[in-house]
Amino acid sequence: MDPSLLARIRESAEATEGLEVIALDRVRALAGEFGVLSREVELTALEARVLPRRYLRSLGTVGWEGQIKLLRSTVAVVGLGGLGGNVVEGLARMGVGRLILVDFDVFVDHNLNRQVLCSEGDVGLLKAEVARARVAQVNAAVEVIAHPDEATRENLPRLLEGAEVVVDALDRLPSRLMLQEVAQKIGIPMVHGAIGGYVGQVMTIFPGDEGLRALYGGGSVPQQGIEVQLGCPAATPMMVAAWQVQEVLKILLGRGQLLRYKMLFLDAEAGTFEFLEIGS
């Protein structure tokens with residue numbers, strides 16, 4: 001811990017709701033003054049129990065040590081469409097310090113109905129690069145490693161290097177199964193999500209779990225599921241991505257009951273949800 005930086009943080013702190021906090025503009029200024037990343041300023045502040053005010057509404061949930069843990073964590077998101085965009089947004093706002101983002105695709109106009117990263121001006125741009133820019137706007141303390149590459153069995157171990165968790169935000173069944181296989185091979189948990197129409201599913205899969213194979217068996221699978229017929233409206237990926245973000249946070253923080261060995265099945269049209277026992 002740089003004592004000069006710590007002293008300047010304490011000088012910049014102010015009292016809010018019974019806490020010592022530091023405002024965003026002061027974090028930015030100190031990062032420039034000391035030639036360090038905003039994340040280093042935030043970590044130094046947190047370790048001294050000076051809260052970056054941007055995390056004030058998260059403190060009651062994650063706590064001091066939890067916020068430090070999040071800023072020191074690395075999460076990969078594979079697929080940056082309807083699910084992945086909302087996952088990236090949530091993780092960046094929570095202060096997950098390093099995001100590995102993988103998607104080779106570009107935005108097209110039919111993405112505009114649901115993909116939070118996509119605006120009209122982004123049509124034709126690489127999703128990975130737009131995601132990088134979005135994270136920089138939301139939380140400059142978060143480092144982004146963007147891979148505008150197609151995920152394959154061969155390159156995924158390299159692309160996911162350093163990740164503690166990977167989020168499955170893909171839209172093809174064979175690709176999801178491949179991602180599970182690679183995640184298990186490199187020894188990290190995968191948080192799966194899928195949507196179709198008003199329904200969605202979420203499941204957390206650790207190395208050694210049957211996971212998606214318990215759903216689809218060991219043979220070949222179709223390229224896509226019911227989303228081909230039912231479509232992908234705006235709210236469904238938001239709903240499922242929110243659960244995926246919560247699963248990631250629970251894994252990183254080591255608290256809460258995970259959706260492991262069970263799948264959450266949500267039906268927004270019927271107003272129901274249920275837990276299905278999956279594998280062992």
# chains A, B, ... in the order shown; residues from 1 in each chain; ligands from 1
call {"tool": "select_by_dssp", "arguments": {"residues": "stretch 193-275 of chain A", "states": "alpha helix (DSSP H)", "output": "list in words"}}
result
Leu212, Arg213, Ala214, Leu215, Tyr216, Glu227, Val228, Gln229, Leu230, Ala235, Thr236, Pro237, Met238, Met239, Val240, Ala241, Ala242, Trp243, Gln244, Val245, Gln246, Glu247, Val248, Leu249, Lys250, Ile251, Leu252 and Leu253 of chain A
call {"tool": "residues_around", "arguments": {"residues": "A:Ala131", "least_positions_apart": "6", "cutoff": "10 Å", "atoms": "only C-alpha atoms", "output": "list of chain:residue names"}}
result
A:Leu80, A:Gly81, A:Gly84, A:Gly85, A:Val88, A:Glu89, A:Leu101, A:Val102, A:Asp103, A:Val116, A:Leu117, A:Cys118, A:Gln137, A:Val144, A:Ala146
call {"tool": "closest_atom_pairs", "arguments": {"of": "stretch 56-77 of chain A", "to": "stretch 250-265 of chain A", "cutoff": "8 Å", "atoms": "only C-alpha atoms", "output": "Markdown table"}}
result
| residue | atom | partner | partner_atom | distance |
| --- | --- | --- | --- | --- |
| A:Val62 | CA | A:Leu253 | CA | 7.7 |
| A:Gly66 | CA | A:Leu253 | CA | 6.0 |
| A:Lys69 | CA | A:Leu253 | CA | 7.1 |
| A:Leu70 | CA | A:Leu252 | CA | 7.0 |
| A:Ser73 | CA | A:Leu252 | CA | 7.4 |
call {"tool": "write_last_selection", "arguments": {"atoms": "N, CA and C atoms", "output": "PDB file, in the first residue's frame"}}
result
ATOM      1  N   VAL A  62     -22.386  -7.112  -0.169  1.00  0.00           N
ATOM      2  CA  VAL A  62     -21.100  -7.792  -0.367  1.00  0.00           C
ATOM      3  C   VAL A  62     -20.103  -7.542   0.752  1.00  0.00           C
ATOM      4  N   GLY A  66     -15.785  -8.410   0.666  1.00  0.00           N
ATOM      5  CA  GLY A  66     -16.394  -8.871  -0.564  1.00  0.00           C
ATOM      6  C   GLY A  66     -16.109  -7.940  -1.726  1.00  0.00           C
ATOM      7  N   LYS A  69     -12.644  -8.450  -2.805  1.00  0.00           N
ATOM      8  CA  LYS A  69     -12.541  -9.702  -3.548  1.00  0.00           C
ATOM      9  C   LYS A  69     -13.040  -9.528  -4.977  1.00  0.00           C
ATOM     10  N   LEU A  70     -14.154  -8.835  -5.146  1.00  0.00           N
ATOM     11  CA  LEU A  70     -14.679  -8.624  -6.493  1.00  0.00           C
ATOM     12  C   LEU A  70     -13.690  -7.847  -7.354  1.00  0.00           C
ATOM     13  N   SER A  73     -11.041 -10.014  -8.753  1.00  0.00           N
ATOM     14  CA  SER A  73     -11.493 -11.215  -9.442  1.00  0.00           C
ATOM     15  C   SER A  73     -11.482 -11.050 -10.956  1.00  0.00           C
TER      16      SER A  73
END
call {"tool": "residues_around", "arguments": {"residues": "A:Glu47", "least_positions_apart": "6", "cutoff": "10 Å", "atoms": "only C-alpha atoms", "output": "JSON, numbers by chain"}}
result
{"A": [1, 6, 64, 65, 67, 68]}
call {"tool": "closest_residue", "arguments": {"among": "A:Gly211, A:Asn139, A:Gly32, A:Ile145", "to": "A:Gly90", "atoms": "only C-alpha atoms"}}
result
A:Asn139
call {"tool": "residues_around", "arguments": {"residues": "A:Val78", "least_positions_apart": "3", "cutoff": "12 Å", "atoms": "only C-alpha atoms", "output": "mmCIF file with N, CA and C atoms, in the first residue's frame"}}
result
data_model
loop_
_atom_site.group_PDB
_atom_site.id
_atom_site.type_symbol
_atom_site.label_atom_id
_atom_site.label_comp_id
_atom_site.auth_asym_id
_atom_site.auth_seq_id
_atom_site.Cartn_x
_atom_site.Cartn_y
_atom_site.Cartn_z
ATOM 1 N N VAL A 75 -13.524 -12.677 -14.359
ATOM 2 C CA VAL A 75 -14.651 -13.451 -14.860
ATOM 3 C C VAL A 75 -14.655 -13.358 -16.381
ATOM 4 N N GLY A 81 -24.336 -11.162 -26.579
ATOM 5 C CA GLY A 81 -25.631 -10.765 -27.111
ATOM 6 C C GLY A 81 -26.605 -10.385 -26.021
ATOM 7 N N GLY A 82 -27.829 -10.914 -26.102
ATOM 8 C CA GLY A 82 -28.859 -10.544 -25.140
ATOM 9 C C GLY A 82 -28.499 -10.894 -23.713
ATOM 10 N N LEU A 83 -28.062 -12.125 -23.491
ATOM 11 C CA LEU A 83 -27.637 -12.533 -22.155
ATOM 12 C C LEU A 83 -26.317 -11.874 -21.769
ATOM 13 N N GLY A 84 -25.313 -12.041 -22.623
ATOM 14 C CA GLY A 84 -23.967 -11.594 -22.272
ATOM 15 C C GLY A 84 -23.864 -10.111 -22.019
ATOM 16 N N GLY A 85 -24.586 -9.310 -22.796
ATOM 17 C CA GLY A 85 -24.527 -7.872 -22.584
ATOM 18 C C GLY A 85 -25.033 -7.473 -21.215
ATOM 19 N N VAL A 87 -25.133 -9.444 -18.596
ATOM 20 C CA VAL A 87 -24.182 -9.980 -17.608
ATOM 21 C C VAL A 87 -22.992 -9.039 -17.464
ATOM 22 N N VAL A 88 -22.444 -8.595 -18.575
ATOM 23 C CA VAL A 88 -21.305 -7.672 -18.538
ATOM 24 C C VAL A 88 -21.677 -6.397 -17.792
ATOM 25 N N LEU A 99 -12.594 -8.413 -16.670
ATOM 26 C CA LEU A 99 -13.548 -9.146 -17.477
ATOM 27 C C LEU A 99 -12.890 -9.593 -18.774
ATOM 28 N N ILE A 100 -13.003 -10.879 -19.061
ATOM 29 C CA ILE A 100 -12.553 -11.438 -20.332
ATOM 30 C C ILE A 100 -13.795 -11.640 -21.179
ATOM 31 N N LEU A 101 -13.881 -10.959 -22.315
ATOM 32 C CA LEU A 101 -15.096 -10.946 -23.122
ATOM 33 C C LEU A 101 -14.809 -11.555 -24.490
ATOM 34 N N VAL A 102 -15.589 -12.573 -24.853
ATOM 35 C CA VAL A 102 -15.335 -13.346 -26.067
ATOM 36 C C VAL A 102 -16.566 -13.344 -26.955
ATOM 37 N N ASP A 103 -16.433 -12.814 -28.166
ATOM 38 C CA ASP A 103 -17.490 -12.897 -29.177
ATOM 39 C C ASP A 103 -16.908 -12.392 -30.494
ATOM 40 N N PHE A 104 -17.074 -13.150 -31.558
ATOM 41 C CA PHE A 104 -16.512 -12.771 -32.858
ATOM 42 C C PHE A 104 -17.500 -11.971 -33.698
ATOM 43 N N ASP A 105 -18.741 -11.861 -33.261
ATOM 44 C CA ASP A 105 -19.820 -11.356 -34.094
ATOM 45 C C ASP A 105 -19.874 -9.827 -34.082
ATOM 46 N N LYS A 127 -19.023 -6.803 -31.417
ATOM 47 C CA LYS A 127 -19.621 -6.816 -30.087
ATOM 48 C C LYS A 127 -18.561 -6.711 -28.988
ATOM 49 N N ALA A 128 -17.420 -7.382 -29.168
ATOM 50 C CA ALA A 128 -16.382 -7.370 -28.134
ATOM 51 C C ALA A 128 -15.837 -5.961 -27.915
ATOM 52 N N ALA A 131 -18.476 -3.789 -26.249
ATOM 53 C CA ALA A 131 -18.542 -4.151 -24.828
ATOM 54 C C ALA A 131 -17.401 -3.512 -24.050
ATOM 55 N N ILE A 145 -10.438 -7.439 -21.174
ATOM 56 C CA ILE A 145 -9.668 -8.125 -22.208
ATOM 57 C C ILE A 145 -10.680 -8.621 -23.224
ATOM 58 N N ALA A 146 -10.725 -7.982 -24.372
ATOM 59 C CA ALA A 146 -11.726 -8.287 -25.388
ATOM 60 C C ALA A 146 -11.123 -9.195 -26.454
ATOM 61 N N HIS A 147 -11.814 -10.273 -26.735
ATOM 62 C CA HIS A 147 -11.389 -11.221 -27.772
ATOM 63 C C HIS A 147 -12.466 -11.288 -28.851
ATOM 64 N N PRO A 148 -12.292 -10.584 -29.965
ATOM 65 C CA PRO A 148 -13.258 -10.696 -31.064
ATOM 66 C C PRO A 148 -12.988 -11.950 -31.891
ATOM 67 N N ASP A 149 -13.028 -13.085 -31.219
ATOM 68 C CA ASP A 149 -12.677 -14.372 -31.818
ATOM 69 C C ASP A 149 -13.831 -15.347 -31.669
ATOM 70 N N GLU A 150 -13.947 -16.255 -32.611
ATOM 71 C CA GLU A 150 -14.899 -17.340 -32.458
ATOM 72 C C GLU A 150 -14.349 -18.339 -31.450
ATOM 73 N N ALA A 151 -15.159 -18.692 -30.473
ATOM 74 C CA ALA A 151 -14.726 -19.632 -29.440
ATOM 75 C C ALA A 151 -14.663 -21.037 -30.019
ATOM 76 N N THR A 152 -13.523 -21.681 -29.855
ATOM 77 C CA THR A 152 -13.351 -23.058 -30.314
ATOM 78 C C THR A 152 -12.752 -23.887 -29.188
ATOM 79 N N LEU A 156 -10.171 -21.781 -26.673
ATOM 80 C CA LEU A 156 -10.792 -21.361 -25.409
ATOM 81 C C LEU A 156 -9.868 -21.471 -24.197
ATOM 82 N N LEU A 159 -7.995 -18.285 -24.328
ATOM 83 C CA LEU A 159 -8.830 -17.101 -24.150
ATOM 84 C C LEU A 159 -9.314 -16.954 -22.717
ATOM 85 N N LEU A 160 -9.547 -18.071 -22.040
ATOM 86 C CA LEU A 160 -10.086 -18.040 -20.680
ATOM 87 C C LEU A 160 -9.000 -18.008 -19.603
ATOM 88 N N ALA A 163 -9.286 -16.744 -15.773
ATOM 89 C CA ALA A 163 -10.677 -16.612 -15.304
ATOM 90 C C ALA A 163 -10.946 -17.548 -14.141
ATOM 91 N N VAL A 165 -14.273 -17.867 -13.114
ATOM 92 C CA VAL A 165 -15.612 -18.325 -13.482
ATOM 93 C C VAL A 165 -15.822 -17.954 -14.945
ATOM 94 N N VAL A 166 -16.581 -18.779 -15.675
ATOM 95 C CA VAL A 166 -16.966 -18.406 -17.032
ATOM 96 C C VAL A 166 -18.479 -18.426 -17.129
ATOM 97 N N VAL A 167 -19.030 -17.437 -17.804
ATOM 98 C CA VAL A 167 -20.472 -17.340 -18.012
ATOM 99 C C VAL A 167 -20.793 -17.798 -19.426
ATOM 100 N N ASP A 168 -21.698 -18.756 -19.526
ATOM 101 C CA ASP A 168 -22.203 -19.236 -20.812
ATOM 102 C C ASP A 168 -23.354 -18.338 -21.233
ATOM 103 N N ALA A 169 -23.078 -17.465 -22.219
ATOM 104 C CA ALA A 169 -24.116 -16.604 -22.782
ATOM 105 C C ALA A 169 -24.214 -16.856 -24.286
ATOM 106 N N LEU A 170 -23.995 -18.093 -24.667
ATOM 107 C CA LEU A 170 -24.010 -18.485 -26.073
ATOM 108 C C LEU A 170 -25.428 -18.786 -26.545
ATOM 109 N N ASP A 171 -25.580 -18.945 -27.856
ATOM 110 C CA ASP A 171 -26.915 -19.210 -28.393
ATOM 111 C C ASP A 171 -26.949 -20.459 -29.270
ATOM 112 N N ARG A 172 -25.954 -21.317 -29.137
ATOM 113 C CA ARG A 172 -25.906 -22.563 -29.887
ATOM 114 C C ARG A 172 -25.622 -23.707 -28.921
ATOM 115 N N SER A 175 -22.074 -25.275 -28.955
ATOM 116 C CA SER A 175 -21.082 -24.361 -28.376
ATOM 117 C C SER A 175 -21.154 -24.349 -26.859
ATOM 118 N N ARG A 176 -22.365 -24.418 -26.311
ATOM 119 C CA ARG A 176 -22.509 -24.466 -24.850
ATOM 120 C C ARG A 176 -21.860 -25.732 -24.280
ATOM 121 N N MET A 178 -19.497 -27.451 -25.652
ATOM 122 C CA MET A 178 -18.053 -27.303 -25.809
ATOM 123 C C MET A 178 -17.478 -26.431 -24.697
ATOM 124 N N LEU A 179 -18.168 -25.338 -24.377
ATOM 125 C CA LEU A 179 -17.696 -24.453 -23.316
ATOM 126 C C LEU A 179 -17.672 -25.178 -21.981
ATOM 127 N N GLN A 180 -18.709 -25.960 -21.686
ATOM 128 C CA GLN A 180 -18.701 -26.742 -20.452
ATOM 129 C C GLN A 180 -17.509 -27.688 -20.424
ATOM 130 N N ALA A 183 -14.352 -25.628 -19.781
ATOM 131 C CA ALA A 183 -14.340 -25.125 -18.406
ATOM 132 C C ALA A 183 -13.975 -26.235 -17.431
ATOM 133 N N MET A 190 -18.801 -23.001 -14.503
ATOM 134 C CA MET A 190 -19.500 -22.312 -15.583
ATOM 135 C C MET A 190 -20.919 -22.008 -15.140
ATOM 136 N N VAL A 191 -21.367 -20.787 -15.379
ATOM 137 C CA VAL A 191 -22.740 -20.398 -15.094
ATOM 138 C C VAL A 191 -23.494 -20.355 -16.420
ATOM 139 N N HIS A 192 -24.392 -21.295 -16.581
ATOM 140 C CA HIS A 192 -25.140 -21.452 -17.831
ATOM 141 C C HIS A 192 -26.447 -20.683 -17.781
ATOM 142 N N GLY A 193 -26.802 -20.085 -18.903
ATOM 143 C CA GLY A 193 -28.109 -19.469 -19.050
ATOM 144 C C GLY A 193 -28.601 -19.645 -20.470
#
call {"tool": "residues_around", "arguments": {"residues": "stretch 194-202 of chain A", "least_positions_apart": "2", "cutoff": "7 Å", "atoms": "only C-alpha atoms", "output": "number ranges by chain"}}
result
A: 192, 226-227, 230-233, 236-237, 240, 244, 263-269
call {"tool": "write_last_selection", "arguments": {"atoms": "C-alpha atoms", "output": "PDB file, in the first residue's frame"}}
result
ATOM      1  CA  HIS A 192     -25.140 -21.452 -17.831  1.00  0.00           C
ATOM      2  CA  ILE A 226     -36.946 -23.307 -28.689  1.00  0.00           C
ATOM      3  CA  GLU A 227     -35.754 -19.717 -29.175  1.00  0.00           C
ATOM      4  CA  LEU A 230     -40.423 -18.409 -29.692  1.00  0.00           C
ATOM      5  CA  GLY A 231     -37.999 -15.569 -30.392  1.00  0.00           C
ATOM      6  CA  CYS A 232     -36.083 -13.471 -27.872  1.00  0.00           C
ATOM      7  CA  PRO A 233     -38.040 -10.532 -26.407  1.00  0.00           C
ATOM      8  CA  THR A 236     -36.263 -12.460 -20.903  1.00  0.00           C
ATOM      9  CA  PRO A 237     -32.489 -12.039 -21.276  1.00  0.00           C
ATOM     10  CA  VAL A 240     -31.961 -14.713 -16.878  1.00  0.00           C
ATOM     11  CA  GLN A 244     -26.419 -15.485 -13.848  1.00  0.00           C
ATOM     12  CA  MET A 263     -31.738 -25.859 -12.865  1.00  0.00           C
ATOM     13  CA  LEU A 264     -33.893 -22.817 -12.326  1.00  0.00           C
ATOM     14  CA  PHE A 265     -36.662 -22.751 -14.944  1.00  0.00           C
ATOM     15  CA  LEU A 266     -38.483 -19.417 -15.277  1.00  0.00           C
ATOM     16  CA  ASP A 267     -41.707 -18.831 -17.194  1.00  0.00           C
ATOM     17  CA  ALA A 268     -42.556 -15.145 -17.140  1.00  0.00           C
ATOM     18  CA  GLU A 269     -45.734 -15.582 -19.173  1.00  0.00           C
TER      19      GLU A 269
END
call {"tool": "atom_distance", "arguments": {"atom1": "atom CA of A:Ala15", "atom2": "atom CA of A:Glu42"}}
result
16.6 Å
call {"tool": "closest_residue", "arguments": {"among": "A:Ala242, A:Met203, A:Leu212, A:Val50", "to": "A:Phe275", "atoms": "only C-alpha atoms"}}
result
A:Met203
call {"tool": "residues_around", "arguments": {"residues": "A:Val21", "least_positions_apart": "4", "cutoff": "10 Å", "atoms": "only C-alpha atoms", "output": "JSON, numbers by chain"}}
result
{"A": [9, 10, 12, 13, 14, 15, 16, 17, 45, 46, 49, 50, 51, 52, 53, 54, 55, 56]}
call {"tool": "residues_around", "arguments": {"residues": "stretch 121-124 of chain A", "least_positions_apart": "4", "cutoff": "7 Å", "atoms": "only C-alpha atoms", "output": "list in words"}}
result
Val106, Phe107, Val108 and Asp109 of chain A
call {"tool": "write_last_selection", "arguments": {"atoms": "N, CA and C atoms", "output": "mmCIF file, in the first residue's frame"}}
result
data_model
loop_
_atom_site.group_PDB
_atom_site.id
_atom_site.type_symbol
_atom_site.label_atom_id
_atom_site.label_comp_id
_atom_site.auth_asym_id
_atom_site.auth_seq_id
_atom_site.Cartn_x
_atom_site.Cartn_y
_atom_site.Cartn_z
ATOM 1 N N VAL A 106 -20.652 -9.289 -35.026
ATOM 2 C CA VAL A 106 -20.951 -7.856 -35.063
ATOM 3 C C VAL A 106 -22.433 -7.663 -34.783
ATOM 4 N N PHE A 107 -22.789 -6.462 -34.345
ATOM 5 C CA PHE A 107 -24.193 -6.154 -34.103
ATOM 6 C C PHE A 107 -24.936 -5.957 -35.423
ATOM 7 N N VAL A 108 -26.180 -6.447 -35.466
ATOM 8 C CA VAL A 108 -27.072 -6.210 -36.599
ATOM 9 C C VAL A 108 -28.366 -5.614 -36.056
ATOM 10 N N ASP A 109 -29.205 -5.115 -36.959
ATOM 11 C CA ASP A 109 -30.348 -4.336 -36.483
ATOM 12 C C ASP A 109 -31.368 -5.153 -35.699
#
call {"tool": "closest_residue", "arguments": {"among": "A:Ala214, A:Ile186, A:Leu91, A:Val96", "to": "A:Arg72", "atoms": "only C-alpha atoms"}}
result
A:Val96
call {"tool": "select_by_dssp", "arguments": {"residues": "stretch 68-218 of chain A", "states": "strand (DSSP E)", "output": "CSV table (one decimal) with C-alpha atoms, in the first residue's frame"}}
result
chain,number,residue,atom,x,y,z
A,74,THR,CA,-11.5,-12.2,-13.1
A,75,VAL,CA,-14.7,-13.5,-14.9
A,76,ALA,CA,-15.0,-14.5,-18.5
A,77,VAL,CA,-18.2,-14.0,-20.5
A,78,VAL,CA,-18.5,-16.0,-23.7
A,98,ARG,CA,-11.2,-8.0,-14.7
A,99,LEU,CA,-13.5,-9.1,-17.5
A,100,ILE,CA,-12.6,-11.4,-20.3
A,101,LEU,CA,-15.1,-10.9,-23.1
A,102,VAL,CA,-15.3,-13.3,-26.1
A,143,GLU,CA,-10.0,-4.0,-16.9
A,144,VAL,CA,-11.4,-5.6,-20.1
A,145,ILE,CA,-9.7,-8.1,-22.2
A,146,ALA,CA,-11.7,-8.3,-25.4
A,147,HIS,CA,-11.4,-11.2,-27.8
A,165,VAL,CA,-15.6,-18.3,-13.5
A,166,VAL,CA,-17.0,-18.4,-17.0
A,167,VAL,CA,-20.5,-17.3,-18.0
A,168,ASP,CA,-22.2,-19.2,-20.8
A,190,MET,CA,-19.5,-22.3,-15.6
A,191,VAL,CA,-22.7,-20.4,-15.1
A,192,HIS,CA,-25.1,-21.5,-17.8
A,193,GLY,CA,-28.1,-19.5,-19.0
A,194,ALA,CA,-30.5,-19.9,-22.0
A,195,ILE,CA,-33.7,-18.2,-23.1
A,196,GLY,CA,-36.6,-18.7,-25.5
A,199,VAL,CA,-38.9,-18.7,-20.6
A,200,GLY,CA,-35.4,-19.1,-19.4
A,201,GLN,CA,-33.1,-21.4,-17.5
A,202,VAL,CA,-30.0,-21.0,-15.2
A,203,MET,CA,-27.6,-23.6,-13.8
A,204,THR,CA,-24.2,-23.5,-12.3
A,205,ILE,CA,-21.8,-26.3,-13.3
call {"tool": "atom_distance", "arguments": {"atom1": "atom CA of A:Ile22", "atom2": "atom CA of A:Ala136"}}
result
19.4 Å
call {"tool": "closest_residue", "arguments": {"among": "A:Gly218, A:Arg132, A:Gln184, A:Ala141", "to": "A:Pro157", "atoms": "only C-alpha atoms"}}
result
A:Gln184
call {"tool": "closest_residue", "arguments": {"among": "A:Leu126, A:Val142, A:Leu5, A:Leu276", "to": "A:Gly35", "atoms": "only C-alpha atoms"}}
result
A:Leu5
